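One structure below.
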Amino acid sequence: MRGVRPCRATAHSLDFPFHPASAGRERPQIEDRGQSDTFTWAAYPLRERPGRAALAIAAVLLCGLMVATSFEFQLTGMLTGAAAMVLLLLSLNKFFLPSSFAIDSKGITAAWPLSRRYMAWSDLRLFAHDTEGGYLSVKARPSRWDTVVRSNGMHVLFGPNGEAIADRIAAHLPSDGKVLA
């Protein structure tokens, strides 16, 4: 593929002004430090969308209860139901736990609860977004496989300041990059 190189973690991708585990402390949602060109923010959908949070928690509990009651033996059912709830919580970690993002002149870094990712601006060709988040891709055309093949791009959560963050990301895209809103 032309101009595509694998995403990599760099030294600056590990140097966030705050860590997702400290998101409970009072901090501004967007921090634009004057001494550098780094722009950082945190997104915590569980806190930002209480209605969806209540539905998600209810769905996880209901699935765990359904799995637990489907077994004849109580201990087996309880253990399997608990395992089902843990797997659901892990698979929905970007919703249930805070995430941090940083933009600088070279690229964008995301620190989710279970992983980190860096992508250089020069590699990006597409930015598809709505008010809650977006998807950055190394491919010029969106595909249904983008959500499955993670090496092609990165999901970004905006938090409460979506429009300002989307504008800033779009401004950093290369001249041949497309923005789909």
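Residue names in the structure tokens use chain letters A, B, ... in the order shown, residue numbers from 1 in each chain, and ligand numbers from 1 in the order shown.
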
Exercise for the section: Name all residues at most 8 Å from Thr131 of chain A (count only C-alpha atoms; drop same-chain ones fewer than 4 positions away) and give them as number ranges by chain. Expected result: A: 158, 162-163

Could the residues in this selection be written to a file with N, CA and C atoms, as a tab-separated table (two decimals), in the first residue's frame?
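What landed in again16.tsv:
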chain	number	residue	atom	x	y	z
A	158	PHE	N	-14.92	12.12	21.60
A	158	PHE	CA	-14.75	13.56	21.75
A	158	PHE	C	-15.04	14.09	23.14
A	162	GLY	N	-17.14	18.14	21.34
A	162	GLY	CA	-16.96	17.44	20.08
A	162	GLY	C	-16.64	18.31	18.89
A	163	GLU	N	-17.33	19.41	18.73
A	163	GLU	CA	-17.15	20.25	17.55
A	163	GLU	C	-15.74	20.84	17.50

Practice task
Using DSSP on the backbone coordinates, identify the residues of segment 21-168 of chain A assigned to strand (DSSP E); present them as JSON, numbers by chain.
Solution key: {"A": [30, 31, 32, 39, 40, 41, 42, 43, 99, 100, 101, 102, 103, 107, 108, 109, 110, 111, 116, 117, 118, 119, 120, 126, 127, 128, 129, 133, 134, 135, 136, 137, 153, 154, 155, 156, 157]}

Mind writing the picked residues with N, CA and C atoms as a JSON list (two decimals), in the first residue's frame?
[["chain", "number", "residue", "atom", "x", "y", "z"],
["A", 30, "ILE", "N", -10.64, 19.97, 28.43],
["A", 30, "ILE", "CA", -9.68, 20.21, 27.37],
["A", 30, "ILE", "C", -8.55, 21.04, 27.95],
["A", 31, "GLU", "N", -7.35, 20.62, 27.66],
["A", 31, "GLU", "CA", -6.19, 21.36, 28.15],
["A", 31, "GLU", "C", -5.34, 21.73, 26.95],
["A", 32, "ASP", "N", -5.17, 22.99, 26.70],
["A", 32, "ASP", "CA", -4.36, 23.48, 25.60],
["A", 32, "ASP", "C", -3.20, 24.25, 26.22],
["A", 39, "PHE", "N", -2.40, 19.30, 22.36],
["A", 39, "PHE", "CA", -3.80, 19.53, 22.73],
["A", 39, "PHE", "C", -4.32, 18.21, 23.29],
["A", 40, "THR", "N", -4.76, 18.20, 24.55],
["A", 40, "THR", "CA", -5.20, 16.96, 25.18],
["A", 40, "THR", "C", -6.63, 17.09, 25.70],
["A", 41, "TRP", "N", -7.31, 15.97, 25.80],
["A", 41, "TRP", "CA", -8.65, 15.93, 26.38],
["A", 41, "TRP", "C", -8.94, 14.52, 26.87],
["A", 42, "ALA", "N", -9.98, 14.43, 27.68],
["A", 42, "ALA", "CA", -10.42, 13.14, 28.21],
["A", 42, "ALA", "C", -11.89, 12.94, 27.86],
["A", 43, "ALA", "N", -12.26, 11.70, 27.65],
["A", 43, "ALA", "CA", -13.66, 11.35, 27.38],
["A", 43, "ALA", "C", -14.05, 10.23, 28.33],
["A", 99, "SER", "N", -11.02, 7.61, 28.87],
["A", 99, "SER", "CA", -9.98, 7.54, 27.84],
["A", 99, "SER", "C", -9.34, 8.92, 27.69],
["A", 100, "SER", "N", -8.06, 8.94, 27.32],
["A", 100, "SER", "CA", -7.33, 10.19, 27.12],
["A", 100, "SER", "C", -6.82, 10.26, 25.69],
["A", 101, "PHE", "N", -6.77, 11.49, 25.15],
["A", 101, "PHE", "CA", -6.31, 11.70, 23.79],
["A", 101, "PHE", "C", -5.39, 12.90, 23.76],
["A", 102, "ALA", "N", -4.42, 12.88, 22.84],
["A", 102, "ALA", "CA", -3.49, 14.00, 22.69],
["A", 102, "ALA", "C", -3.19, 14.21, 21.21],
["A", 103, "ILE", "N", -3.22, 15.47, 20.81],
["A", 103, "ILE", "CA", -2.90, 15.85, 19.43],
["A", 103, "ILE", "C", -1.67, 16.75, 19.48],
["A", 107, "GLY", "N", 1.10, 13.89, 15.17],
["A", 107, "GLY", "CA", 0.05, 12.88, 15.10],
["A", 107, "GLY", "C", -0.90, 12.94, 16.27],
["A", 108, "ILE", "N", -1.66, 11.89, 16.42],
["A", 108, "ILE", "CA", -2.66, 11.78, 17.47],
["A", 108, "ILE", "C", -2.38, 10.51, 18.27],
["A", 109, "THR", "N", -2.53, 10.62, 19.58],
["A", 109, "THR", "CA", -2.31, 9.49, 20.48],
["A", 109, "THR", "C", -3.58, 9.27, 21.29],
["A", 110, "ALA", "N", -3.97, 8.01, 21.42],
["A", 110, "ALA", "CA", -5.14, 7.65, 22.22],
["A", 110, "ALA", "C", -4.69, 6.69, 23.31],
["A", 111, "ALA", "N", -5.15, 6.93, 24.52],
["A", 111, "ALA", "CA", -4.89, 6.03, 25.64],
["A", 111, "ALA", "C", -6.23, 5.57, 26.19],
["A", 116, "ARG", "N", -3.07, 1.59, 24.07],
["A", 116, "ARG", "CA", -2.64, 2.90, 23.59],
["A", 116, "ARG", "C", -2.36, 2.79, 22.10],
["A", 117, "ARG", "N", -2.52, 3.91, 21.41],
["A", 117, "ARG", "CA", -2.30, 3.90, 19.97],
["A", 117, "ARG", "C", -1.83, 5.27, 19.51],
["A", 118, "TYR", "N", -0.90, 5.29, 18.58],
["A", 118, "TYR", "CA", -0.40, 6.52, 17.98],
["A", 118, "TYR", "C", -0.55, 6.39, 16.46],
["A", 119, "MET", "N", -1.00, 7.47, 15.81],
["A", 119, "MET", "CA", -1.06, 7.51, 14.36],
["A", 119, "MET", "C", -0.50, 8.86, 13.90],
["A", 120, "ALA", "N", 0.37, 8.81, 12.91],
["A", 120, "ALA", "CA", 0.96, 10.03, 12.35],
["A", 120, "ALA", "C", -0.03, 10.68, 11.38],
["A", 126, "LEU", "N", -8.61, 9.61, 5.99],
["A", 126, "LEU", "CA", -10.04, 9.78, 6.18],
["A", 126, "LEU", "C", -10.36, 10.06, 7.64],
["A", 127, "PHE", "N", -11.28, 11.00, 7.86],
["A", 127, "PHE", "CA", -11.78, 11.29, 9.19],
["A", 127, "PHE", "C", -13.30, 11.36, 9.11],
["A", 128, "ALA", "N", -13.96, 10.31, 9.55],
["A", 128, "ALA", "CA", -15.43, 10.25, 9.58],
["A", 128, "ALA", "C", -15.85, 10.49, 11.02],
["A", 129, "HIS", "N", -16.80, 11.43, 11.23],
["A", 129, "HIS", "CA", -17.16, 11.75, 12.61],
["A", 129, "HIS", "C", -18.60, 12.20, 12.73],
["A", 133, "GLY", "N", -17.96, 11.29, 18.46],
["A", 133, "GLY", "CA", -16.66, 10.69, 18.22],
["A", 133, "GLY", "C", -16.39, 10.56, 16.74],
["A", 134, "GLY", "N", -15.25, 9.95, 16.42],
["A", 134, "GLY", "CA", -14.89, 9.81, 15.02],
["A", 134, "GLY", "C", -13.98, 8.63, 14.79],
["A", 135, "TYR", "N", -13.72, 8.39, 13.52],
["A", 135, "TYR", "CA", -12.84, 7.30, 13.12],
["A", 135, "TYR", "C", -11.81, 7.86, 12.15],
["A", 136, "LEU", "N", -10.54, 7.69, 12.49],
["A", 136, "LEU", "CA", -9.43, 8.10, 11.64],
["A", 136, "LEU", "C", -8.92, 6.86, 10.92],
["A", 137, "SER", "N", -8.73, 6.96, 9.60],
["A", 137, "SER", "CA", -8.33, 5.79, 8.82],
["A", 137, "SER", "C", -7.17, 6.10, 7.90],
["A", 153, "GLY", "N", -7.07, 1.95, 11.33],
["A", 153, "GLY", "CA", -7.45, 3.24, 11.88],
["A", 153, "GLY", "C", -7.60, 3.27, 13.38],
["A", 154, "MET", "N", -8.26, 4.35, 13.85],
["A", 154, "MET", "CA", -8.39, 4.58, 15.28],
["A", 154, "MET", "C", -9.74, 5.26, 15.56],
["A", 155, "HIS", "N", -10.41, 4.78, 16.60],
["A", 155, "HIS", "CA", -11.63, 5.43, 17.07],
["A", 155, "HIS", "C", -11.26, 6.49, 18.10],
["A", 156, "VAL", "N", -11.89, 7.65, 17.99],
["A", 156, "VAL", "CA", -11.63, 8.76, 18.90],
["A", 156, "VAL", "C", -12.94, 9.19, 19.53],
["A", 157, "LEU", "N", -12.97, 9.30, 20.85],
["A", 157, "LEU", "CA", -14.13, 9.81, 21.57],
["A", 157, "LEU", "C", -13.90, 11.29, 21.84]]

Practice task
Please indicate the distance in Å from atom CA of Glu132 of chain A to atom CA of Ser105 of chain A, rounded to one decimal place.
Solution key: 23.2 Å

Completion exercise
Between atom CA of Asn93 of chain A and atom CA of Pro45 of chain A lies a distance of 10.2 Å

Exercise for the section: Quote the spacing between atom CA of Asp167 of chain A and atom CA of Leu46 of chain A in Å to one decimal place. Expected result: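 If I compute the distance from atom CA of Asp167 of chain A to atom CA of Leu46 of chain A, I get 24.0 Å.
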
Please identify the helix (DSSP H, G or I) residues within segment 100-166 of chain A (assignment by DSSP from backbone atoms) and present them as an mmCIF file with N, CA and C atoms, in the first residue's frame.
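Generated file (states.cif):
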data_model
loop_
_atom_site.group_PDB
_atom_site.id
_atom_site.type_symbol
_atom_site.label_atom_id
_atom_site.label_comp_id
_atom_site.auth_asym_id
_atom_site.auth_seq_id
_atom_site.Cartn_x
_atom_site.Cartn_y
_atom_site.Cartn_z
ATOM 1 N N TRP A 121 -0.063 12.017 11.365
ATOM 2 C CA TRP A 121 -0.960 12.736 10.462
ATOM 3 C C TRP A 121 -0.688 12.373 9.010
ATOM 4 N N SER A 122 0.566 12.173 8.657
ATOM 5 C CA SER A 122 0.922 11.874 7.265
ATOM 6 C C SER A 122 0.343 10.549 6.780
ATOM 7 N N ASP A 123 -0.009 9.651 7.698
ATOM 8 C CA ASP A 123 -0.571 8.355 7.323
ATOM 9 C C ASP A 123 -2.084 8.396 7.123
ATOM 10 N N ARG A 144 -16.832 -1.349 5.650
ATOM 11 C CA ARG A 144 -17.497 -2.030 6.774
ATOM 12 C C ARG A 144 -16.484 -2.780 7.639
ATOM 13 N N TRP A 145 -15.359 -3.122 7.065
ATOM 14 C CA TRP A 145 -14.335 -3.871 7.795
ATOM 15 C C TRP A 145 -13.498 -2.988 8.715
ATOM 16 N N ASP A 146 -13.655 -1.675 8.632
ATOM 17 C CA ASP A 146 -12.850 -0.757 9.438
ATOM 18 C C ASP A 146 -13.005 -1.014 10.931
ATOM 19 N N THR A 147 -14.192 -1.400 11.377
ATOM 20 C CA THR A 147 -14.389 -1.655 12.802
ATOM 21 C C THR A 147 -13.785 -2.979 13.233
ATOM 22 N N ARG A 150 -8.419 -3.448 12.974
ATOM 23 C CA ARG A 150 -8.003 -2.279 13.749
ATOM 24 C C ARG A 150 -6.723 -1.631 13.257
ATOM 25 N N SER A 151 -5.951 -2.314 12.447
ATOM 26 C CA SER A 151 -4.706 -1.719 11.975
ATOM 27 C C SER A 151 -4.960 -0.623 10.946
ATOM 28 N N ASN A 152 -6.194 -0.507 10.466
ATOM 29 C CA ASN A 152 -6.512 0.497 9.455
ATOM 30 C C ASN A 152 -6.833 1.862 10.034
ATOM 31 N N GLY A 159 -15.941 13.485 23.867
ATOM 32 C CA GLY A 159 -16.355 14.064 25.134
ATOM 33 C C GLY A 159 -17.339 15.192 24.871
ATOM 34 N N PRO A 160 -17.488 16.131 25.808
ATOM 35 C CA PRO A 160 -18.485 17.177 25.655
ATOM 36 C C PRO A 160 -18.115 18.285 24.660
ATOM 37 N N ASN A 161 -16.898 18.326 24.184
ATOM 38 C CA ASN A 161 -16.442 19.399 23.285
ATOM 39 C C ASN A 161 -16.198 18.883 21.873
ATOM 40 N N GLY A 162 -17.139 18.144 21.344
ATOM 41 C CA GLY A 162 -16.956 17.445 20.081
ATOM 42 C C GLY A 162 -16.641 18.311 18.889
ATOM 43 N N GLU A 163 -17.333 19.413 18.730
ATOM 44 C CA GLU A 163 -17.153 20.248 17.548
ATOM 45 C C GLU A 163 -15.740 20.842 17.499
ATOM 46 N N ALA A 164 -15.255 21.333 18.627
ATOM 47 C CA ALA A 164 -13.908 21.924 18.665
ATOM 48 C C ALA A 164 -12.835 20.871 18.394
ATOM 49 N N ILE A 165 -13.022 19.684 18.926
ATOM 50 C CA ILE A 165 -12.034 18.617 18.730
ATOM 51 C C ILE A 165 -12.057 18.139 17.284
ATOM 52 N N ALA A 166 -13.254 17.968 16.712
ATOM 53 C CA ALA A 166 -13.366 17.533 15.314
ATOM 54 C C ALA A 166 -12.712 18.550 14.381
#

Problem - Nearest-residue call for Leu97 of chain A, choices A:Arg125, A:Arg141, A:His172, A:Arg47, using only C-alpha atoms - result: A:Arg47

Using only C-alpha atoms, which residues of segment 78-111 of chain A come within 10 Å of segment 56-70 of chain A, and what is the closest atom pair for each, with the distance in Å to one decimal? Give it as CSV, sorted by chain and residue number.
residue,atom,partner,partner_atom,distance
A:Met78,CA,A:Ala68,CA,5.0
A:Leu79,CA,A:Ala68,CA,7.4
A:Thr80,CA,A:Ala68,CA,6.1
A:Gly81,CA,A:Ala68,CA,4.3
A:Ala82,CA,A:Gly64,CA,6.2
A:Ala83,CA,A:Gly64,CA,8.0
A:Ala84,CA,A:Gly64,CA,5.7
A:Met85,CA,A:Gly64,CA,5.2
A:Val86,CA,A:Val60,CA,8.8
A:Leu87,CA,A:Val60,CA,9.5
A:Leu88,CA,A:Val60,CA,6.6
A:Leu89,CA,A:Val60,CA,7.5
A:Leu92,CA,A:Ala56,CA,9.2
A:Phe95,CA,A:Ala56,CA,9.1
A:Phe96,CA,A:Ala56,CA,9.0

Those selected residues, please, written with N, CA and C atoms and delivered as a PDB file, in the first residue's frame.
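File produced: again-v1.pdb:
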ATOM      1  N   MET A  78     -23.763 -19.115  38.904  1.00  0.00           N
ATOM      2  CA  MET A  78     -23.265 -17.844  39.435  1.00  0.00           C
ATOM      3  C   MET A  78     -21.884 -17.515  38.873  1.00  0.00           C
ATOM      4  N   LEU A  79     -21.010 -18.500  38.797  1.00  0.00           N
ATOM      5  CA  LEU A  79     -19.668 -18.261  38.260  1.00  0.00           C
ATOM      6  C   LEU A  79     -19.715 -17.906  36.777  1.00  0.00           C
ATOM      7  N   THR A  80     -20.548 -18.609  36.032  1.00  0.00           N
ATOM      8  CA  THR A  80     -20.655 -18.340  34.605  1.00  0.00           C
ATOM      9  C   THR A  80     -21.311 -16.981  34.358  1.00  0.00           C
ATOM     10  N   GLY A  81     -22.328 -16.636  35.147  1.00  0.00           N
ATOM     11  CA  GLY A  81     -22.968 -15.323  35.027  1.00  0.00           C
ATOM     12  C   GLY A  81     -21.997 -14.195  35.346  1.00  0.00           C
ATOM     13  N   ALA A  82     -21.187 -14.382  36.385  1.00  0.00           N
ATOM     14  CA  ALA A  82     -20.185 -13.372  36.734  1.00  0.00           C
ATOM     15  C   ALA A  82     -19.144 -13.238  35.622  1.00  0.00           C
ATOM     16  N   ALA A  83     -18.729 -14.381  35.053  1.00  0.00           N
ATOM     17  CA  ALA A  83     -17.763 -14.344  33.952  1.00  0.00           C
ATOM     18  C   ALA A  83     -18.353 -13.620  32.732  1.00  0.00           C
ATOM     19  N   ALA A  84     -19.631 -13.848  32.465  1.00  0.00           N
ATOM     20  CA  ALA A  84     -20.290 -13.169  31.335  1.00  0.00           C
ATOM     21  C   ALA A  84     -20.313 -11.663  31.557  1.00  0.00           C
ATOM     22  N   MET A  85     -20.594 -11.228  32.785  1.00  0.00           N
ATOM     23  CA  MET A  85     -20.620  -9.793  33.073  1.00  0.00           C
ATOM     24  C   MET A  85     -19.228  -9.179  32.946  1.00  0.00           C
ATOM     25  N   VAL A  86     -18.212  -9.878  33.409  1.00  0.00           N
ATOM     26  CA  VAL A  86     -16.841  -9.372  33.293  1.00  0.00           C
ATOM     27  C   VAL A  86     -16.446  -9.248  31.823  1.00  0.00           C
ATOM     28  N   LEU A  87     -16.790 -10.254  31.010  1.00  0.00           N
ATOM     29  CA  LEU A  87     -16.466 -10.186  29.583  1.00  0.00           C
ATOM     30  C   LEU A  87     -17.190  -9.026  28.898  1.00  0.00           C
ATOM     31  N   LEU A  88     -18.442  -8.798  29.259  1.00  0.00           N
ATOM     32  CA  LEU A  88     -19.173  -7.664  28.694  1.00  0.00           C
ATOM     33  C   LEU A  88     -18.550  -6.335  29.113  1.00  0.00           C
ATOM     34  N   LEU A  89     -18.170  -6.219  30.370  1.00  0.00           N
ATOM     35  CA  LEU A  89     -17.542  -4.983  30.840  1.00  0.00           C
ATOM     36  C   LEU A  89     -16.205  -4.741  30.147  1.00  0.00           C
ATOM     37  N   LEU A  92     -16.738  -3.552  26.608  1.00  0.00           N
ATOM     38  CA  LEU A  92     -17.265  -2.188  26.566  1.00  0.00           C
ATOM     39  C   LEU A  92     -16.402  -1.222  27.373  1.00  0.00           C
ATOM     40  N   PHE A  95     -16.467   2.581  26.969  1.00  0.00           N
ATOM     41  CA  PHE A  95     -17.647   3.273  27.476  1.00  0.00           C
ATOM     42  C   PHE A  95     -17.603   3.392  29.001  1.00  0.00           C
ATOM     43  N   PHE A  96     -17.223   2.318  29.659  1.00  0.00           N
ATOM     44  CA  PHE A  96     -17.279   2.285  31.116  1.00  0.00           C
ATOM     45  C   PHE A  96     -16.093   2.942  31.814  1.00  0.00           C
TER      46      PHE A  96
END
